[in-house]
Amino acid sequence: MMGKTFVFAGDTAIGAVLADNLVKAGYEAACDVSSADVVFTFCASQTDLEDVYFDSEGLVQIAGKGAWLVDLSPSTPGFARELNAVAIVSELHAIEAPLAVRDATIERAYSDAANLICFVASEDEAEIAEITPMLKALAGTVEPTGTPGSAQLARATLTLNTASQLVSVMEADALCRASGAQSSGAFRFAREQGFITEAAARLYGAVVEKRFMGEYSVRICMAELSAALMAADDIDLILPGAEAGLHLLELLAVIGGTDMAVSTLSLVYGEEAACAAQGLDWTRAEQAYGDMEDDDECDCGGEHHHHDEYPGGFGGYSAN
């Protein structure tokens, strides 16, 4: 699609990074949505994504006839199929192309195309072939998955595996540290024996080296995990492990880690001083969860556990 103009809608921070990659590859940015040949979208919440497309001033309404709508967001198979159906009626081309990062620990995770995977799905294989050159300017690996919904399912599967590794690495490290032992030896042995993946080893390395900033943030990880859980909910499937992981990330976000790298999750299990050194504030959790407890008063007769203090670190938070 060389010669096609493009524009980004949605998350401006991620959009700016990806737009740079397209410009470097020789594509031209359009002035606005109505004049763009291709409209890329990336949103970190399902509500924002729905508004971007279906609001009264949404893309379905204002994009030029025959325009390509390429969604890079973490979403659900159901939303992807809905968008495809609406696009056909509106004489638009809908391409489902969710992104996934290979290495979540590098600072410029989205800037490096080689670090990105793009799953892509469409009703028409010819449309996939036509959009693939632009997608390859964004992601080092472009993987066709089939009909609408299949790309989001592939991304959700990857997300669930990534999230489980994230939590297991943080908790294994926390156990060693709380026991007064160095975790490096245990991790090295597990890695040598093949029990720890390369991705998990990179996460552990980021924790040890205190690399807590990066483009792949807690906010993005939460968006991906939320999308996977919504996909499960759409088919009445409960994923308790993923739900627990999301709650941990939500706690990290509450104390100030929203825009930090996912390796910051290790601090939730640590001491207050270590959290404070990275700008995390446990008093925010005291206020947030205290307000929730005040609102949760009921006469059901059940036992309620109240957290009167948050002395810092998840150990303190979970002690009561």
# chains A, B, ... in the order shown; residues from 1 in each chain; ligands from 1
>>> residues_around(residues="Asp259 (chain A)", least_positions_apart="5", cutoff="8 Å", atoms="only C-alpha atoms", output="list in words")
Met213, Ser217, Val218 and Arg219 of chain A
>>> select_by_dssp(residues="region 105-212 of chain A", states="strand (DSSP E or B)", output="ChimeraX atom specification")
/A:116-121,141-146
>>> closest_residue(among="A:Gly58, A:Gly15, A:Pro240, A:Gly180", to="Leu160 (chain A)", atoms="only C-alpha atoms")
A:Pro240
>>> closest_residue(among="A:Ala174, A:Leu18, A:Leu229, A:Ala199", to="Leu265 (chain A)", atoms="only C-alpha atoms")
A:Ala174
>>> closest_atom_pairs(of="region 126-242 of chain A", to="region 23-47 of chain A", cutoff="8 Å", atoms="only C-alpha atoms", output="CSV")
residue,atom,partner,partner_atom,distance
A:Ala137,CA,A:Ala25,CA,6.0
A:Arg219,CA,A:Ala44,CA,7.4
A:Ile220,CA,A:Ala44,CA,6.1
A:Ala223,CA,A:Ala44,CA,5.2
A:Glu224,CA,A:Ala44,CA,7.9
A:Ala227,CA,A:Gln46,CA,7.5
>>> closest_residue(among="A:Cys176, A:Ala288, A:Leu99, A:Leu22", to="Phe119 (chain A)", atoms="only C-alpha atoms")
A:Leu99
